[in-house]
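Asker: Contents of work16.cif (mmCIF, C-alpha atoms) are below:
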```cif
data_model
#
loop_
_atom_site.label_atom_id
_atom_site.label_comp_id
_atom_site.auth_asym_id
_atom_site.auth_seq_id
_atom_site.Cartn_x
_atom_site.Cartn_y
_atom_site.Cartn_z
CA MET A 22 67.19 92.37 99.95
CA PRO A 23 70.06 91.08 102.10
CA SER A 24 69.41 87.81 103.90
CA ASN A 25 69.26 87.67 107.69
CA GLU A 26 72.57 85.80 107.67
CA ASN A 27 74.21 88.49 105.54
CA ARG A 28 72.87 91.25 107.78
CA VAL A 29 74.83 89.83 110.72
CA ILE A 30 78.13 91.04 109.29
CA ALA A 31 76.71 94.50 108.66
CA HIS A 32 75.68 94.67 112.32
CA ARG A 33 78.98 93.19 113.52
CA PHE A 34 81.11 95.86 111.83
CA ARG A 35 78.83 98.90 112.14
CA GLY A 36 77.66 98.85 108.56
CA PHE A 37 81.03 98.04 107.01
CA LEU A 38 81.92 94.90 105.06
CA PRO A 39 85.52 93.81 105.78
CA VAL A 40 87.49 92.97 102.64
CA VAL A 41 91.08 91.80 102.97
CA VAL A 42 93.47 93.35 100.44
CA ASP A 43 97.12 92.78 99.62
CA VAL A 44 99.03 94.60 96.89
CA GLU A 45 102.36 93.87 95.25
CA THR A 46 104.18 96.95 94.04
CA GLY A 47 107.33 98.27 92.42
CA GLY A 48 108.46 100.00 95.61
CA PHE A 49 107.23 101.76 98.73
CA ASN A 50 106.11 105.11 97.30
CA LYS A 51 102.42 105.06 96.39
CA ASP A 52 102.71 108.14 94.19
CA THR A 53 105.70 107.13 92.07
CA ASP A 54 105.97 103.33 92.24
CA ALA A 55 103.93 100.88 90.18
CA LEU A 56 100.95 98.93 91.45
CA LEU A 57 101.57 95.46 90.01
CA GLU A 58 99.09 93.04 91.58
CA ILE A 59 95.96 93.17 93.75
CA GLY A 60 94.59 90.30 95.81
CA ALA A 61 91.37 90.58 97.78
CA VAL A 62 89.19 88.33 99.94
CA ILE A 63 85.57 89.25 100.64
CA LEU A 64 84.48 88.10 104.09
CA GLY A 65 81.11 86.80 105.19
CA VAL A 66 79.48 85.27 108.23
CA GLU A 67 78.23 81.80 109.08
CA GLN A 68 74.90 81.12 110.79
CA ASP A 69 76.73 80.75 114.12
CA GLY A 70 78.20 84.24 113.74
CA ARG A 71 81.74 83.22 112.77
CA VAL A 72 83.42 85.52 110.26
CA VAL A 73 84.84 83.51 107.34
CA PRO A 74 86.42 84.07 103.92
CA ARG A 75 83.79 84.03 101.17
CA GLU A 76 85.27 85.01 97.79
CA SER A 77 88.83 85.50 96.53
CA LEU A 78 89.74 87.98 93.80
CA CYS A 79 93.01 88.73 92.04
CA THR A 80 94.35 90.70 89.10
CA HIS A 81 97.72 91.66 87.71
CA VAL A 82 98.13 95.35 86.90
CA GLN A 83 100.03 97.12 84.14
CA PRO A 84 102.40 99.79 85.49
CA PHE A 85 101.02 103.27 84.87
CA ALA A 86 102.88 105.53 82.44
CA GLY A 87 106.15 106.70 83.99
CA ALA A 88 105.87 104.39 87.00
CA ASN A 89 109.03 103.60 88.93
CA ILE A 90 109.85 99.94 89.53
CA GLU A 91 112.65 99.02 91.90
CA GLN A 92 114.59 95.87 91.07
CA ALA A 93 114.76 95.05 94.77
CA ALA A 94 110.95 94.96 94.91
CA LEU A 95 110.78 92.55 91.97
CA GLU A 96 113.33 90.30 93.64
CA VAL A 97 111.01 90.05 96.66
CA ASN A 98 107.69 89.56 94.89
CA GLY A 99 109.05 87.56 91.93
CA ILE A 100 106.94 89.46 89.40
CA LYS A 101 108.19 89.54 85.81
CA VAL A 102 106.52 92.71 84.60
CA ASP A 103 106.91 91.99 80.88
CA ASN A 104 105.70 88.39 81.05
CA PRO A 105 102.62 88.15 78.75
CA LEU A 106 101.26 85.29 80.89
CA ARG A 107 100.55 87.84 83.62
CA MET A 108 97.60 89.03 81.51
CA ALA A 109 97.91 92.35 83.34
CA LEU A 110 95.13 94.91 83.07
CA ALA A 111 95.37 98.69 82.91
CA GLU A 112 94.84 100.24 86.34
CA ARG A 113 91.25 101.35 85.81
CA GLU A 114 90.19 97.97 84.41
CA ALA A 115 92.03 96.18 87.21
CA LEU A 116 90.28 98.28 89.84
CA ASP A 117 86.92 97.59 88.23
CA ARG A 118 87.58 93.84 88.21
CA ILE A 119 88.23 93.92 91.95
CA PHE A 120 85.63 96.53 92.90
CA ARG A 121 82.57 95.22 91.06
CA PRO A 122 82.16 92.02 93.14
CA ILE A 123 82.97 93.96 96.30
CA ARG A 124 80.22 96.50 95.56
CA ARG A 125 77.83 93.61 94.93
CA ALA A 126 78.75 92.00 98.26
CA VAL A 127 78.34 95.31 100.09
CA SER A 128 74.81 95.57 98.71
CA GLU A 129 73.93 91.94 99.44
CA CYS A 130 75.07 92.30 103.04
CA GLY A 131 73.14 95.52 103.63
CA CYS A 132 76.37 97.39 104.36
CA ARG A 133 77.13 101.04 103.65
CA ARG A 134 80.56 100.37 102.18
CA ALA A 135 83.60 98.11 102.44
CA ILE A 136 86.48 98.60 104.85
CA LEU A 137 89.97 97.44 103.92
CA VAL A 138 91.63 94.82 106.09
CA GLY A 139 95.37 94.39 105.60
CA HIS A 140 98.69 93.57 107.17
CA ASN A 141 100.15 97.09 107.38
CA ALA A 142 96.80 98.09 105.94
CA HIS A 143 97.56 101.75 105.24
CA PHE A 144 100.27 100.67 102.79
CA ASP A 145 97.72 98.71 100.75
CA LEU A 146 95.06 101.40 101.03
CA GLY A 147 97.57 104.07 100.02
CA PHE A 148 98.44 102.29 96.77
CA MET A 149 94.77 101.63 96.06
CA ASN A 150 93.85 105.26 96.69
CA ALA A 151 96.69 106.45 94.47
CA ALA A 152 95.43 104.26 91.61
CA ILE A 153 91.88 105.48 92.22
CA ALA A 154 93.07 109.07 91.95
CA ARG A 155 95.20 108.44 88.83
CA THR A 156 92.28 106.82 87.00
CA ASN A 157 89.62 109.20 88.33
CA TYR A 158 87.69 106.15 89.51
CA LYS A 159 84.40 107.33 91.02
CA ARG A 160 82.87 104.20 92.53
CA SER A 161 85.39 102.81 94.99
CA PRO A 162 83.54 100.67 97.55
CA PHE A 163 86.16 101.30 100.27
CA HIS A 164 86.19 103.79 103.09
CA PRO A 165 88.86 106.29 102.03
CA PHE A 166 90.95 106.20 105.21
CA SER A 167 89.64 103.78 107.87
CA VAL A 168 91.11 100.26 107.99
CA PHE A 169 91.43 97.15 110.13
CA ASP A 170 95.13 96.35 110.52
CA THR A 171 96.15 92.79 111.39
CA VAL A 172 99.59 94.02 112.47
CA THR A 173 97.94 95.79 115.39
CA LEU A 174 95.51 92.96 116.10
CA ALA A 175 98.18 90.25 115.97
CA GLY A 176 100.61 92.31 118.01
CA ALA A 177 98.02 92.77 120.76
CA ALA A 178 96.60 89.23 120.69
CA LEU A 179 99.61 87.10 119.76
CA GLY A 180 102.69 89.20 120.48
CA GLN A 181 103.73 88.97 116.82
CA THR A 182 103.60 91.62 114.09
CA VAL A 183 105.27 89.83 111.15
CA LEU A 184 102.61 87.96 109.15
CA ALA A 185 104.48 84.64 108.99
CA ARG A 186 105.20 84.67 112.72
CA ALA A 187 101.66 85.72 113.61
CA LEU A 188 100.26 82.85 111.54
CA GLU A 189 102.67 80.44 113.22
CA ALA A 190 101.64 81.72 116.66
CA ALA A 191 98.00 81.22 115.68
CA ASP A 192 98.69 77.67 114.38
CA LEU A 193 97.72 78.69 110.86
CA PRO A 194 99.60 77.47 107.75
CA TYR A 195 102.06 79.67 105.88
CA ASP A 196 104.24 78.65 102.93
CA ALA A 197 107.23 80.95 102.46
CA ASN A 198 107.54 79.76 98.86
CA GLU A 199 104.09 81.16 98.10
CA ALA A 200 104.59 84.41 100.02
CA HIS A 201 104.52 87.81 98.29
CA SER A 202 101.84 86.73 95.87
CA ALA A 203 99.03 89.24 96.44
CA LEU A 204 96.32 86.58 96.51
CA TYR A 205 98.24 84.19 98.77
CA ASP A 206 99.07 86.92 101.28
CA ALA A 207 95.50 88.25 101.18
CA GLU A 208 94.11 84.78 101.87
CA ARG A 209 96.51 84.18 104.76
CA THR A 210 95.74 87.62 106.19
CA ALA A 211 92.04 86.81 105.90
CA ASP A 212 92.59 83.57 107.85
CA LEU A 213 94.41 85.52 110.57
CA PHE A 214 91.80 88.28 110.77
CA CYS A 215 88.92 85.82 110.98
CA LEU A 216 90.62 83.79 113.69
CA LEU A 217 91.35 86.86 115.81
CA VAL A 218 87.88 88.37 115.37
CA ASN A 219 86.17 85.07 116.13
CA ARG A 220 88.27 84.49 119.23
CA PHE A 221 87.51 87.99 120.45
CA SER A 222 83.81 87.57 119.74
CA ALA A 223 83.71 84.26 121.63
CA ALA A 224 85.57 85.71 124.61
CA PHE A 225 83.36 88.81 124.65
CA GLY A 226 80.27 86.64 124.46
CA ARG A 227 81.42 84.58 127.44
CA LYS A 228 82.12 87.75 129.42
CA GLN A 229 78.60 89.01 128.66
CA ASP A 230 77.17 85.67 129.81
CA GLU A 231 79.13 85.92 133.07
CA ASP A 232 77.81 89.44 133.65
#
```
Go through the file and emit its structure as structure tokens.

Answerer:
Amino acid sequence: MPSNENRVIAHRFRGFLPVVVDVETGGFNKDTDALLEIGAVILGVEQDGRVVPRESLCTHVQPFAGANIEQAALEVNGIKVDNPLRMALAEREALDRIFRPIRRAVSECGCRRAILVGHNAHFDLGFMNAAIARTNYKRSPFHPFSVFDTVTLAGAALGQTVLARALEAADLPYDANEAHSALYDAERTADLFCLLVNRFSAAFGRKQDED
């Protein structure tokens, strides 16, 4: 049974568990370009109601057969596809490594399913959904099309839509040398999402008190 503390996040997000995801890819086309790395951060809630990062997950992914990989993409993300130290997994195994702990957290929190949080979230969800379809993966924990997008949230709250600038505006750390690692970007996006949600919750709570 989920604890009372865990149930708070299920109530806060209407039965969904927010999980921040960032993917690194071989290009922009989800159907033709390789999925190369997945980073994810499962969120939780403290006793005072603050949403916080709980568990970080990451895996490198082997390009699927016939996948396109643009050199320009590799120059941005710094991935060396043939490097054996990547210890990359086939797509289905990589999905399972990320999804199993997410499914467990969904159950522990009394949620119906996970909802993907991302910076330009539909890009990340699109690549995830394409890999799910290619591998005929039947137990994805994520809602198939709904997301929380920190581009929209940061644009509305901070006047910034670029992740690095939004983090700077929020007084959160960002190291450009670490950027474009799926795990690093997922963790920074999680920090941004939590800050914005917690600020909104605090402001909304004060407004309720005034009413």

Asker: Do you know which residues are at most 9 Å from Val97 in chain A counting only C-alpha atoms, after dropping those on the same chain fewer than 4 positions away, and could you put them as a ChimeraX atom specification?

Answerer: /A:92-93,201

Asker: Quick one: apply the PyMOL selection byres ((chain A and resi 153) around 12) to the file and drop the selected residues here as a tab-separated table (two decimals) with C-alpha atoms, in the coordinates of the input.

Answerer:
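Output below, filename selection_1.tsv:
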```tsv
chain	number	residue	atom	x	y	z
A	51	LYS	CA	102.42	105.06	96.39
A	52	ASP	CA	102.71	108.14	94.19
A	56	LEU	CA	100.95	98.93	91.45
A	85	PHE	CA	101.02	103.27	84.87
A	112	GLU	CA	94.84	100.24	86.34
A	113	ARG	CA	91.25	101.35	85.81
A	114	GLU	CA	90.19	97.97	84.41
A	115	ALA	CA	92.03	96.18	87.21
A	116	LEU	CA	90.28	98.28	89.84
A	117	ASP	CA	86.92	97.59	88.23
A	120	PHE	CA	85.63	96.53	92.90
A	146	LEU	CA	95.06	101.40	101.03
A	147	GLY	CA	97.57	104.07	100.02
A	148	PHE	CA	98.44	102.29	96.77
A	149	MET	CA	94.77	101.63	96.06
A	150	ASN	CA	93.85	105.26	96.69
A	151	ALA	CA	96.69	106.45	94.47
A	152	ALA	CA	95.43	104.26	91.61
A	154	ALA	CA	93.07	109.07	91.95
A	155	ARG	CA	95.20	108.44	88.83
A	156	THR	CA	92.28	106.82	87.00
A	157	ASN	CA	89.62	109.20	88.33
A	158	TYR	CA	87.69	106.15	89.51
A	159	LYS	CA	84.40	107.33	91.02
A	160	ARG	CA	82.87	104.20	92.53
A	161	SER	CA	85.39	102.81	94.99
A	162	PRO	CA	83.54	100.67	97.55
A	163	PHE	CA	86.16	101.30	100.27
A	165	PRO	CA	88.86	106.29	102.03
```

Asker: Evaluating the PyMOL selection byres ((chain A and resi 79) around 10) on the displayed file yields which residues, as a PyMOL selection string?

Answerer: chain A and resi 42-44+58-62+77-78+80-82+115+118-119+202-205+207

Asker: Next, write the just-selected residues to a file, as a compact mmCIF listing (two decimals), in the coordinates of the input, keeping C-alpha atoms as the atom set.

Answerer:
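Here's the written file result_10.txt:
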```
# COMPACT_ATOMS: atom_id res chain seq x y z
CA VAL A 42 93.47 93.35 100.44
CA ASP A 43 97.12 92.78 99.62
CA VAL A 44 99.03 94.60 96.89
CA GLU A 58 99.09 93.04 91.58
CA ILE A 59 95.96 93.17 93.75
CA GLY A 60 94.59 90.30 95.81
CA ALA A 61 91.37 90.58 97.78
CA VAL A 62 89.19 88.33 99.94
CA SER A 77 88.83 85.50 96.53
CA LEU A 78 89.74 87.98 93.80
CA THR A 80 94.35 90.70 89.10
CA HIS A 81 97.72 91.66 87.71
CA VAL A 82 98.13 95.35 86.90
CA ALA A 115 92.03 96.18 87.21
CA ARG A 118 87.58 93.84 88.21
CA ILE A 119 88.23 93.92 91.95
CA SER A 202 101.84 86.73 95.87
CA ALA A 203 99.03 89.24 96.44
CA LEU A 204 96.32 86.58 96.51
CA TYR A 205 98.24 84.19 98.77
CA ALA A 207 95.50 88.25 101.18
```

Asker: Taking 2 positions as the minimum chain separation for residues in the same chain, which residues sit within 12 Å of Asn141 in chain A when counting all atoms listed in the file? Answer as an NGL selection string.

Answerer: :A and (41-44 or 137-139 or 143-148 or 168-176 or 182-184 or 206-207 or 210)

Asker: Do a neighbour search on Glu96 in chain A at 12 Å with all atoms listed in the file, toss out local chain neighbours closer than 3 positions, and write the hits as a PDB file with C-alpha atoms, keeping the file's coordinate frame.

Answerer:
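Below you can see out-v4.pdb, which holds the result:
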```pdb
ATOM      1  CA  GLU A  45     102.360  93.870  95.250  1.00  0.00           C
ATOM      2  CA  THR A  46     104.180  96.950  94.040  1.00  0.00           C
ATOM      3  CA  GLY A  47     107.330  98.270  92.420  1.00  0.00           C
ATOM      4  CA  GLY A  48     108.460 100.000  95.610  1.00  0.00           C
ATOM      5  CA  ILE A  90     109.850  99.940  89.530  1.00  0.00           C
ATOM      6  CA  GLU A  91     112.650  99.020  91.900  1.00  0.00           C
ATOM      7  CA  GLN A  92     114.590  95.870  91.070  1.00  0.00           C
ATOM      8  CA  ALA A  93     114.760  95.050  94.770  1.00  0.00           C
ATOM      9  CA  GLY A  99     109.050  87.560  91.930  1.00  0.00           C
ATOM     10  CA  ILE A 100     106.940  89.460  89.400  1.00  0.00           C
ATOM     11  CA  LYS A 101     108.190  89.540  85.810  1.00  0.00           C
ATOM     12  CA  VAL A 102     106.520  92.710  84.600  1.00  0.00           C
ATOM     13  CA  HIS A 201     104.520  87.810  98.290  1.00  0.00           C
TER      14      HIS A 201
END
```
